[in-house]
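The data block below is entry26.cif; it holds mmCIF, C-alpha atoms.
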data_my_file
#
loop_
_atom_site.label_atom_id
_atom_site.label_comp_id
_atom_site.auth_asym_id
_atom_site.auth_seq_id
_atom_site.Cartn_x
_atom_site.Cartn_y
_atom_site.Cartn_z
CA MET B 833 -41.05 48.98 -54.38
CA ALA B 834 -38.73 45.99 -54.06
CA ASP B 835 -38.74 43.46 -56.87
CA ILE B 836 -40.11 40.69 -54.69
CA ALA B 837 -42.88 42.96 -53.37
CA ILE B 838 -43.93 43.81 -56.93
CA TRP B 839 -44.18 40.08 -57.68
CA GLY B 840 -46.26 39.64 -54.53
CA VAL B 841 -48.66 42.41 -55.53
CA ILE B 842 -49.09 41.02 -59.06
CA ALA B 843 -49.66 37.48 -57.76
CA ALA B 844 -52.12 38.66 -55.10
CA LEU B 845 -54.09 40.74 -57.61
CA GLY B 846 -54.04 37.82 -60.05
CA LEU B 847 -55.32 35.35 -57.46
CA ALA B 848 -58.01 37.73 -56.18
CA THR B 849 -59.15 38.35 -59.75
CA PHE B 850 -59.19 34.63 -60.54
CA ALA B 851 -61.22 33.91 -57.40
CA THR B 852 -63.73 36.58 -58.45
CA ARG B 853 -64.06 35.12 -61.94
CA LEU B 854 -64.31 31.58 -60.68
CA SER B 855 -66.73 32.30 -57.83
CA PHE B 856 -70.06 31.15 -59.25
CA LEU B 857 -68.58 28.89 -61.91
CA ALA B 858 -66.87 26.85 -59.19
CA LEU B 859 -70.07 26.74 -57.12
CA LEU B 860 -71.91 25.22 -60.08
CA GLY B 861 -74.15 28.24 -60.25
CA GLU B 862 -75.76 27.48 -56.91
CA GLY B 863 -76.69 30.51 -54.91
CA GLU B 864 -77.16 34.04 -56.08
CA LEU B 865 -75.63 37.42 -55.44
CA PRO B 866 -77.29 39.32 -52.60
CA ARG B 867 -79.45 42.17 -53.92
CA TRP B 868 -77.37 44.97 -52.38
CA LEU B 869 -74.22 43.54 -53.94
CA LYS B 870 -75.92 43.37 -57.34
CA HIS B 871 -76.76 47.04 -56.96
CA VAL B 872 -73.21 48.00 -56.05
CA LEU B 873 -71.74 45.90 -58.86
CA HIS B 874 -74.18 47.47 -61.31
CA TYR B 875 -72.78 50.95 -60.67
CA VAL B 876 -69.10 50.29 -59.97
CA PRO B 877 -67.97 49.75 -63.61
CA PRO B 878 -69.15 53.10 -65.02
CA ALA B 879 -67.94 54.92 -61.90
CA ILE B 880 -64.47 53.43 -61.93
CA LEU B 881 -63.99 53.64 -65.71
CA ALA B 882 -64.89 57.34 -65.61
CA ALA B 883 -62.59 57.76 -62.60
CA ILE B 884 -59.68 56.29 -64.57
CA VAL B 885 -60.37 58.43 -67.65
CA ALA B 886 -61.10 61.81 -66.06
CA PRO B 887 -57.64 62.58 -64.60
CA GLN B 888 -56.08 61.85 -67.99
CA LEU B 889 -57.95 64.83 -69.44
CA LEU B 890 -56.29 67.29 -67.05
CA ALA B 891 -53.45 69.67 -67.78
CA GLY B 892 -51.95 69.08 -64.35
CA ALA B 893 -52.50 66.94 -61.29
CA PRO B 894 -55.97 66.25 -59.84
CA GLY B 895 -57.10 68.55 -57.06
CA LEU B 896 -59.41 71.49 -56.41
CA ALA B 897 -57.46 73.63 -58.90
CA ALA B 898 -57.62 71.03 -61.68
CA THR B 899 -57.88 72.40 -65.23
CA LEU B 900 -58.67 70.60 -68.47
CA ASP B 901 -56.08 69.91 -71.14
CA GLY B 902 -57.70 71.32 -74.31
CA PRO B 903 -56.65 68.78 -76.96
CA ARG B 904 -57.16 65.79 -74.67
CA ALA B 905 -60.60 66.93 -73.54
CA ALA B 906 -61.64 67.60 -77.14
CA ALA B 907 -60.30 64.21 -78.25
CA ALA B 908 -62.16 62.50 -75.42
CA LEU B 909 -65.39 64.29 -76.40
CA ALA B 910 -64.95 63.21 -80.03
CA GLY B 911 -64.25 59.66 -78.85
CA PHE B 912 -67.38 59.72 -76.71
CA ALA B 913 -69.49 60.82 -79.68
CA VAL B 914 -68.05 58.06 -81.87
CA ALA B 915 -68.54 55.47 -79.14
CA TRP B 916 -72.12 56.61 -78.62
CA PHE B 917 -73.09 56.27 -82.27
CA THR B 918 -70.91 53.37 -83.47
CA ARG B 919 -70.33 51.30 -80.30
CA SER B 920 -66.93 50.49 -81.83
CA THR B 921 -63.93 50.76 -79.51
CA PHE B 922 -61.59 50.70 -82.47
CA ALA B 923 -63.34 53.61 -84.21
CA THR B 924 -63.37 55.46 -80.88
CA ILE B 925 -59.61 55.09 -80.57
CA ALA B 926 -58.96 55.98 -84.22
CA VAL B 927 -61.05 59.17 -84.21
CA GLY B 928 -59.92 60.24 -80.73
CA MET B 929 -56.24 59.84 -81.60
CA ALA B 930 -56.75 61.66 -84.92
CA VAL B 931 -58.33 64.61 -83.09
CA LEU B 932 -55.57 64.62 -80.46
CA TRP B 933 -52.79 64.53 -83.06
CA GLY B 934 -54.52 67.14 -85.22
CA LEU B 935 -54.96 69.58 -82.36
CA THR B 936 -51.43 68.96 -81.08
CA LEU B 937 -50.03 69.60 -84.58
CA VAL B 938 -51.75 72.97 -84.86
CA GLN B 939 -50.50 73.66 -81.31
CA TRP B 940 -53.86 74.49 -79.89
CA MET I 1025 -79.47 20.79 -68.76
CA LYS I 1026 -78.27 17.55 -70.34
CA ASN I 1027 -74.60 17.14 -70.95
CA ARG I 1028 -73.77 16.83 -74.59
CA VAL I 1029 -71.39 13.99 -75.36
CA ALA I 1030 -70.75 14.34 -79.08
CA SER I 1031 -67.35 15.96 -79.36
CA PRO I 1032 -67.57 17.12 -83.02
CA ASP I 1033 -70.33 19.45 -81.85
CA ARG I 1034 -68.13 20.90 -79.19
CA GLN I 1035 -65.33 21.38 -81.67
CA GLN I 1036 -67.68 23.24 -83.99
CA ASP I 1037 -69.02 25.37 -81.15
CA PHE I 1038 -65.47 26.15 -80.09
CA LEU I 1039 -64.45 27.16 -83.62
CA ALA I 1040 -67.56 29.31 -83.99
CA GLY I 1041 -66.42 31.09 -80.84
CA VAL I 1042 -62.93 31.57 -82.21
CA ARG I 1043 -64.36 33.09 -85.38
CA ALA I 1044 -66.63 35.39 -83.38
CA CYS I 1045 -63.60 37.11 -81.85
CA MET I 1046 -62.46 38.48 -85.23
CA PRO I 1047 -64.41 41.77 -85.13
CA LEU I 1048 -62.96 42.46 -81.67
CA GLY I 1049 -59.40 41.68 -82.77
CA PRO I 1050 -58.04 45.12 -83.73
CA GLY I 1051 -59.31 46.83 -80.59
CA ILE I 1052 -58.01 44.04 -78.33
CA LEU I 1053 -54.60 43.99 -80.00
CA LEU I 1054 -54.21 47.75 -79.68
CA PHE I 1055 -55.34 47.83 -76.04
CA GLY I 1056 -53.14 44.84 -75.15
CA MET I 1057 -50.09 46.45 -76.70
CA VAL I 1058 -50.73 49.68 -74.79
CA CYS I 1059 -51.15 47.77 -71.51
CA GLY I 1060 -47.90 45.89 -72.10
CA ALA I 1061 -46.05 49.03 -73.10
CA ALA I 1062 -47.43 50.93 -70.10
CA ALA I 1063 -46.27 48.27 -67.63
CA ALA I 1064 -42.79 48.08 -69.15
CA GLY I 1065 -42.75 51.89 -69.40
CA VAL I 1066 -43.12 52.44 -65.64
CA GLY I 1067 -40.16 50.19 -64.93
CA LEU I 1068 -41.67 46.75 -64.33
CA THR I 1069 -39.42 44.01 -65.69
CA PRO I 1070 -40.60 42.19 -68.84
CA GLY I 1071 -41.39 39.17 -66.63
CA GLN I 1072 -43.51 41.26 -64.25
CA SER I 1073 -45.21 43.08 -67.11
CA PHE I 1074 -46.13 39.77 -68.74
CA ALA I 1075 -47.27 38.36 -65.39
CA LEU I 1076 -49.79 41.21 -65.19
CA SER I 1077 -51.01 40.13 -68.60
CA TRP I 1078 -51.55 36.43 -67.84
CA MET I 1079 -52.14 36.45 -64.08
CA VAL I 1080 -54.49 39.43 -63.92
CA PHE I 1081 -55.58 39.30 -67.58
CA ALA I 1082 -57.87 42.33 -67.38
CA GLY I 1083 -56.85 45.49 -69.20
CA SER I 1084 -58.46 48.11 -66.98
CA SER I 1085 -57.19 46.44 -63.82
CA GLN I 1086 -53.70 46.11 -65.32
CA ILE I 1087 -53.70 49.82 -66.20
CA VAL I 1088 -54.84 50.77 -62.72
CA ALA I 1089 -52.14 48.60 -61.13
CA THR I 1090 -49.54 50.04 -63.51
CA GLN I 1091 -50.51 53.62 -62.68
CA LEU I 1092 -50.48 52.89 -58.96
CA PHE I 1093 -47.07 51.19 -59.17
CA ALA I 1094 -45.77 54.31 -60.94
CA ALA I 1095 -47.34 56.56 -58.30
CA GLY I 1096 -45.64 54.63 -55.50
CA ALA I 1097 -48.86 53.43 -53.88
CA PRO I 1098 -48.60 50.80 -51.11
CA GLY I 1099 -49.01 47.21 -52.26
CA TRP I 1100 -52.31 46.64 -50.48
CA VAL I 1101 -53.86 49.69 -52.16
CA ILE I 1102 -52.78 48.37 -55.57
CA VAL I 1103 -54.26 44.93 -54.90
CA LEU I 1104 -57.48 46.34 -53.44
CA THR I 1105 -58.07 48.93 -56.17
CA GLY I 1106 -57.14 46.54 -58.99
CA TRP I 1107 -59.50 43.97 -57.52
CA VAL I 1108 -62.43 46.39 -57.17
CA VAL I 1109 -62.08 47.14 -60.87
CA ASN I 1110 -62.60 43.40 -61.46
CA LEU I 1111 -65.56 42.86 -59.15
CA ARG I 1112 -67.89 42.92 -62.14
CA PHE I 1113 -66.57 39.48 -63.10
CA MET I 1114 -68.60 38.07 -60.23
CA MET I 1115 -71.80 39.07 -62.03
CA TYR I 1116 -70.58 37.48 -65.25
CA SER I 1117 -69.55 34.36 -63.36
CA ALA I 1118 -73.05 34.02 -61.89
CA THR I 1119 -74.65 34.26 -65.34
CA LEU I 1120 -72.18 31.94 -67.06
CA ALA I 1121 -72.42 29.32 -64.33
CA GLN I 1122 -76.01 28.57 -65.35
CA HIS I 1123 -74.74 27.44 -68.75
CA PHE I 1124 -71.82 25.42 -67.37
CA ARG I 1125 -73.76 23.11 -65.06
CA GLY I 1126 -73.24 20.11 -67.33
CA GLU I 1127 -69.54 20.74 -67.91
CA SER I 1128 -66.52 19.25 -66.16
CA ARG I 1129 -64.71 21.00 -63.36
CA GLY I 1130 -61.76 21.60 -65.68
CA ALA I 1131 -63.98 23.35 -68.21
CA ARG I 1132 -65.53 25.50 -65.50
CA TRP I 1133 -62.17 26.54 -64.06
CA LEU I 1134 -60.89 27.34 -67.52
CA ALA I 1135 -64.05 29.33 -68.21
CA GLY I 1136 -63.37 31.31 -65.05
CA TYR I 1137 -59.73 32.01 -65.81
CA LEU I 1138 -60.58 33.20 -69.33
CA LEU I 1139 -63.50 35.44 -68.32
CA THR I 1140 -63.43 38.93 -69.86
CA ASP I 1141 -65.94 41.67 -70.70
CA GLN I 1142 -65.71 40.90 -74.40
CA ALA I 1143 -66.02 37.11 -74.19
CA PHE I 1144 -68.95 37.50 -71.82
CA GLY I 1145 -70.63 40.22 -73.86
CA VAL I 1146 -70.54 38.29 -77.14
CA THR I 1147 -71.64 35.07 -75.44
CA LEU I 1148 -74.51 36.81 -73.66
CA ALA I 1149 -75.77 38.13 -77.01
CA ARG I 1150 -75.76 34.51 -78.23
CA VAL I 1151 -77.66 33.39 -75.14
CA LEU I 1152 -80.31 36.04 -75.86
CA ASP I 1153 -80.49 34.70 -79.44
CA GLY I 1154 -81.62 31.43 -77.88
CA ARG I 1155 -78.58 29.36 -78.95
CA LYS I 1156 -77.77 26.16 -77.07
CA ASP I 1157 -74.06 25.89 -77.92
CA ILE I 1158 -73.04 28.31 -75.18
CA PRO I 1159 -70.27 26.61 -73.12
CA TRP I 1160 -67.90 25.69 -75.92
CA PHE I 1161 -68.69 28.74 -77.99
CA TYR I 1162 -67.73 30.79 -74.95
CA LEU I 1163 -64.54 28.81 -74.39
CA GLY I 1164 -63.65 29.35 -78.07
CA ILE I 1165 -64.00 33.11 -78.06
CA ALA I 1166 -62.48 33.44 -74.58
CA ALA I 1167 -59.41 31.36 -75.51
CA ALA I 1168 -58.93 33.24 -78.78
CA LEU I 1169 -59.13 36.57 -76.97
CA TRP I 1170 -56.65 35.31 -74.37
CA LEU I 1171 -54.15 34.38 -77.06
CA LEU I 1172 -54.54 37.72 -78.85
CA TRP I 1173 -54.10 39.53 -75.55
CA GLN I 1174 -50.87 37.71 -74.67
CA VAL I 1175 -49.38 38.29 -78.14
CA ALA I 1176 -50.35 41.96 -77.96
CA SER I 1177 -48.92 42.34 -74.44
CA LEU I 1178 -45.57 40.81 -75.41
CA THR I 1179 -45.43 43.07 -78.46
CA GLY I 1180 -46.11 46.09 -76.30
CA ILE I 1181 -43.63 45.05 -73.62
CA PHE I 1182 -40.76 44.62 -76.06
CA LEU I 1183 -41.57 47.19 -78.74
CA GLY I 1184 -43.48 49.82 -76.76
CA ALA I 1185 -40.36 51.84 -76.00
CA LEU I 1186 -39.78 52.35 -79.74
CA VAL I 1187 -42.88 54.52 -80.07
CA PRO I 1188 -41.98 58.23 -79.67
CA LYS I 1189 -43.52 59.88 -76.62
CA SER I 1190 -44.82 62.73 -78.78
CA TRP I 1191 -47.39 60.34 -80.27
CA SER I 1192 -49.21 60.34 -76.90
CA VAL I 1193 -50.05 56.67 -77.30
CA ASP I 1194 -50.89 56.57 -73.59
CA PHE I 1195 -54.10 58.33 -74.56
CA VAL I 1196 -55.25 55.12 -76.25
CA VAL I 1197 -55.97 53.90 -72.71
CA ALA I 1198 -58.36 56.78 -72.04
CA LEU I 1199 -60.08 56.28 -75.41
CA THR I 1200 -60.40 52.54 -74.87
CA PHE I 1201 -62.09 53.16 -71.54
CA ILE I 1202 -64.40 55.71 -73.16
CA GLY I 1203 -65.23 53.05 -75.73
CA VAL I 1204 -66.05 50.55 -72.98
CA LEU I 1205 -67.78 53.09 -70.73
CA THR I 1206 -70.12 54.74 -73.23
CA PRO I 1207 -72.35 51.71 -73.96
CA LEU I 1208 -72.72 51.22 -70.19
CA LEU I 1209 -74.52 54.56 -69.84
CA ARG I 1210 -77.92 53.08 -70.55
CA ASP I 1211 -79.90 55.26 -68.13
CA ARG I 1212 -79.60 58.36 -65.98
CA ALA I 1213 -78.62 56.49 -62.82
CA LEU I 1214 -75.68 54.85 -64.61
CA ALA I 1215 -74.67 58.17 -66.16
CA ALA I 1216 -74.79 59.81 -62.73
CA ALA I 1217 -72.55 57.07 -61.34
CA ALA I 1218 -70.04 57.73 -64.12
CA VAL I 1219 -70.11 61.51 -63.80
CA SER I 1220 -69.77 61.45 -60.01
CA GLY I 1221 -66.97 58.86 -60.22
CA GLY I 1222 -65.12 61.01 -62.74
CA LEU I 1223 -65.56 64.22 -60.75
CA THR I 1224 -64.46 62.51 -57.54
CA SER I 1225 -61.22 61.33 -59.10
CA VAL I 1226 -60.54 64.82 -60.48
CA PHE I 1227 -61.23 66.91 -57.39
CA LEU I 1228 -60.61 64.58 -54.47
CA VAL I 1229 -57.02 63.86 -53.54
CA LEU I 1230 -56.59 61.20 -50.88
CA PRO I 1231 -53.46 59.83 -49.24
CA LEU I 1232 -52.14 56.41 -50.30
CA LYS I 1233 -53.65 56.85 -53.77
CA LEU I 1234 -57.04 55.74 -52.53
CA ASN I 1235 -58.75 58.13 -54.98
CA LEU I 1236 -59.94 55.43 -57.35
CA MET I 1237 -61.42 53.38 -54.53
CA ALA I 1238 -63.22 56.49 -53.29
CA ALA I 1239 -64.45 57.31 -56.78
CA ALA I 1240 -65.88 53.81 -57.20
CA LEU I 1241 -67.70 54.04 -53.88
CA VAL I 1242 -69.02 57.56 -54.49
CA GLY I 1243 -70.17 56.58 -58.00
CA ALA I 1244 -71.95 53.46 -56.75
CA ALA I 1245 -73.58 55.43 -53.91
CA VAL I 1246 -74.79 58.16 -56.27
CA GLY I 1247 -76.14 55.60 -58.74
CA ILE I 1248 -78.05 53.74 -56.03
CA ALA I 1249 -79.34 56.99 -54.53
CA MET I 1250 -80.57 58.15 -57.96
CA GLU I 1251 -82.36 54.88 -58.44
CA LYS I 1252 -84.02 55.06 -55.03
CA LEU I 1253 -85.01 58.73 -55.25
CA TRP I 1254 -86.07 58.75 -58.91
CA PRO I 1255 -87.02 55.19 -59.85
CA THR I 1256 -87.52 56.29 -63.46
CA SER I 1257 -83.80 57.02 -63.73
CA ARG I 1258 -83.15 53.32 -64.08
CA SER I 1259 -84.19 51.54 -67.24
CA GLY I 1260 -85.56 48.02 -67.08
CA ALA I 1261 -85.03 47.73 -63.32
#
Show me this structure written as structure tokens.
Amino acid sequence: MADIAIWGVIAALGLATFATRLSFLALLGEGELPRWLKHVLHYVPPAILAAIVAPQLLAGAPGLAATLDGPRAAAALAGFAVAWFTRSTFATIAVGMAVLWGLTLVQW
Amino acid sequence: MKNRVASPDRQQDFLAGVRACMPLGPGILLFGMVCGAAAAGVGLTPGQSFALSWMVFAGSSQIVATQLFAAGAPGWVIVLTGWVVNLRFMMYSATLAQHFRGESRGARWLAGYLLTDQAFGVTLARVLDGRKDIPWFYLGIAAALWLLWQVASLTGIFLGALVPKSWSVDFVVALTFIGVLTPLLRDRALAAAAVSGGLTSVFLVLPLKLNLMAAALVGAAVGIAMEKLWPTSRSGA
């Protein structure tokens, strides 16, 4: 992508994001989200976060023949357990990376 | 709500907010550095990488945009997908607005620009505690997090390339998202949305890198369907 186009994309995403953040704050809190939109917004974050994570646990590209990468999947599982019990992102990262490095070192 | 005039109060509220960001510091710094390093790593210039950090100022959206830039997705797909990731801010904005009715326009615009999951989450906990110092407490924690994020991004942009690839630091992104995602899975409908979103992005390959958009839609549809078909799958509905 051309340099100027990249700048355009970043600026457009920045402005759209700012508008989203500002929406109700600018309106002085008048009005409310429509119910259907509340429902959609309730479920989009877990769906999209999982969608970002899942392909990073694969050995190859996504697709019908996708297979898991052992160490990464194990590290993600360990991270999930830590996140579930501690609610600490930092501990999740620390334990997950330790598992990944450990398994990579023993060449699993 | 009556507007408070005494400025020493505001200053104290603000500083209380700044202090409240401390426990979040290490995680934010690490994630910010990875986001900066990732943007610089896929060939964005330092200026562009830093623009992602202060114009978009949302880690997950920055990562999505970075990955889509690297994958050669069309510009409109990058903007649309990155924006969908940030739609949740509208919910936060609606909640925060109720506490900012007495504040100036400048304060409200600043509150909007600085809005993040973490600033909102900590502030919401304070609201539920029944505290009345919400606006300036929020601005304090949000501004402190902003500053940490920018410092971390710049560090990542300029020093990220020094980290050997064999350390797999890119995996910090996945773990950060797991750390953010896990507490969201409060009931079966939310878990179903996450699982179906994840599976969609693994097995469905769409042209123009529209996979993430599709995964978000499928996940939301599955979550809503779960809730409608089995009302008990949603807690506290």
List every protein, DNA or RNA residue that has an atom no more than 12 Å from (-77.0, 46.6, -54.6) in the file's coordinate frame, counting all atoms listed in the file, and report them as a PyMOL selection string. (chain B and resi 865-876) or (chain I and resi 1115+1241+1244-1249+1251-1252+1261)
Return the single residue from B:Leu881, B:Leu896, B:Met833, B:Leu847 that is closest to Ser1220 (chain I), with distances computed using all atoms listed in the file.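 Smallest separation from Ser1220 (chain I) among the options: B:Leu881.
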Cut-off 6 Å: closest chain I/chain B atom pairs per residue, using only C-alpha atoms, as CSV:
residue,atom,partner,partner_atom,distance
I:Gly1051,CA,B:Phe922,CA,4.9
I:Met1079,CA,B:Gly846,CA,4.7
I:Val1080,CA,B:Gly846,CA,4.2
I:Gly1099,CA,B:Val841,CA,5.8
I:Val1103,CA,B:Leu845,CA,5.0
I:Arg1112,CA,B:Leu873,CA,5.9
I:Phe1113,CA,B:Arg853,CA,5.2
I:Met1114,CA,B:Thr852,CA,5.4
I:Ser1117,CA,B:Phe856,CA,5.2
I:Ala1118,CA,B:Phe856,CA,4.9
I:Ala1121,CA,B:Leu857,CA,4.6
I:Gln1122,CA,B:Gly861,CA,5.4
I:Arg1125,CA,B:Leu860,CA,5.7
I:Arg1132,CA,B:Leu857,CA,5.8
I:Gly1136,CA,B:Leu854,CA,4.5
I:Tyr1137,CA,B:Phe850,CA,5.9
I:Ala1198,CA,B:Val885,CA,5.1
I:Leu1199,CA,B:Ile925,CA,5.3
I:Gly1203,CA,B:Thr921,CA,4.6
I:Leu1205,CA,B:Pro878,CA,5.9
I:Ala1217,CA,B:Ala879,CA,5.1
I:Ala1218,CA,B:Ala879,CA,4.2
I:Gly1221,CA,B:Ala879,CA,4.4
I:Gly1222,CA,B:Ala883,CA,4.1
I:Ser1225,CA,B:Ala883,CA,5.2
I:Val1226,CA,B:Pro894,CA,4.8
I:Phe1227,CA,B:Gly895,CA,4.5
I:Leu1228,CA,B:Gly895,CA,5.9
I:Val1229,CA,B:Gly895,CA,5.9
I:Ala1240,CA,B:Ile880,CA,5.0
I:Gly1243,CA,B:Ala879,CA,4.8
I:Ala1244,CA,B:Tyr875,CA,4.7
Would you compute the distance between CA of Leu1186 (chain I) and CA of Ala1062 (chain I)? Give it in Å to one decimal. 12.4 Å
Report the residues retrieved by the PyMOL selection byres ((chain I and resi 1231) around 12) from the displayed file, expressed as a ChimeraX atom specification. /I:1095-1098,1101,1228-1230,1232-1238
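Distance-wise, CA of Ile1165 (chain I) and CA of Ala1044 (chain I) end up 6.4 Å apart.
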Any idea what the distance is between CA of Ser1128 (chain I) and CA of Asp1033 (chain I)?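 Distance reported for this atom pair: 16.1 Å.
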Would you kindly return, as a list of chain:residue names, each protein, DNA or RNA residue with an atom no farther than 10 Å from any atom of Leu1076 (chain I), considering all atoms listed in the file and excluding same-chain residues fewer than 5 positions away?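 Listing them by chain and then by number gives B:Trp839, B:Val841, B:Ile842, B:Ala843, B:Leu845, B:Gly846, I:Cys1059, I:Gly1060, I:Ala1063, I:Leu1068, I:Pro1070, I:Gly1071, I:Phe1081, I:Ala1082, I:Gly1083, I:Ser1085, I:Gln1086, I:Ile1087, I:Ala1089, I:Thr1090, I:Ser1177.
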Store the residues of this selection in a file with C-alpha atoms, as a compact mmCIF listing (two decimals), in the coordinates of the input.
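Resulting contents of selection15.txt:
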# COMPACT_ATOMS: atom_id res chain seq x y z
CA TRP B 839 -44.18 40.08 -57.68
CA VAL B 841 -48.66 42.41 -55.53
CA ILE B 842 -49.09 41.02 -59.06
CA ALA B 843 -49.66 37.48 -57.76
CA LEU B 845 -54.09 40.74 -57.61
CA GLY B 846 -54.04 37.82 -60.05
CA CYS I 1059 -51.15 47.77 -71.51
CA GLY I 1060 -47.90 45.89 -72.10
CA ALA I 1063 -46.27 48.27 -67.63
CA LEU I 1068 -41.67 46.75 -64.33
CA PRO I 1070 -40.60 42.19 -68.84
CA GLY I 1071 -41.39 39.17 -66.63
CA PHE I 1081 -55.58 39.30 -67.58
CA ALA I 1082 -57.87 42.33 -67.38
CA GLY I 1083 -56.85 45.49 -69.20
CA SER I 1085 -57.19 46.44 -63.82
CA GLN I 1086 -53.70 46.11 -65.32
CA ILE I 1087 -53.70 49.82 -66.20
CA ALA I 1089 -52.14 48.60 -61.13
CA THR I 1090 -49.54 50.04 -63.51
CA SER I 1177 -48.92 42.34 -74.44
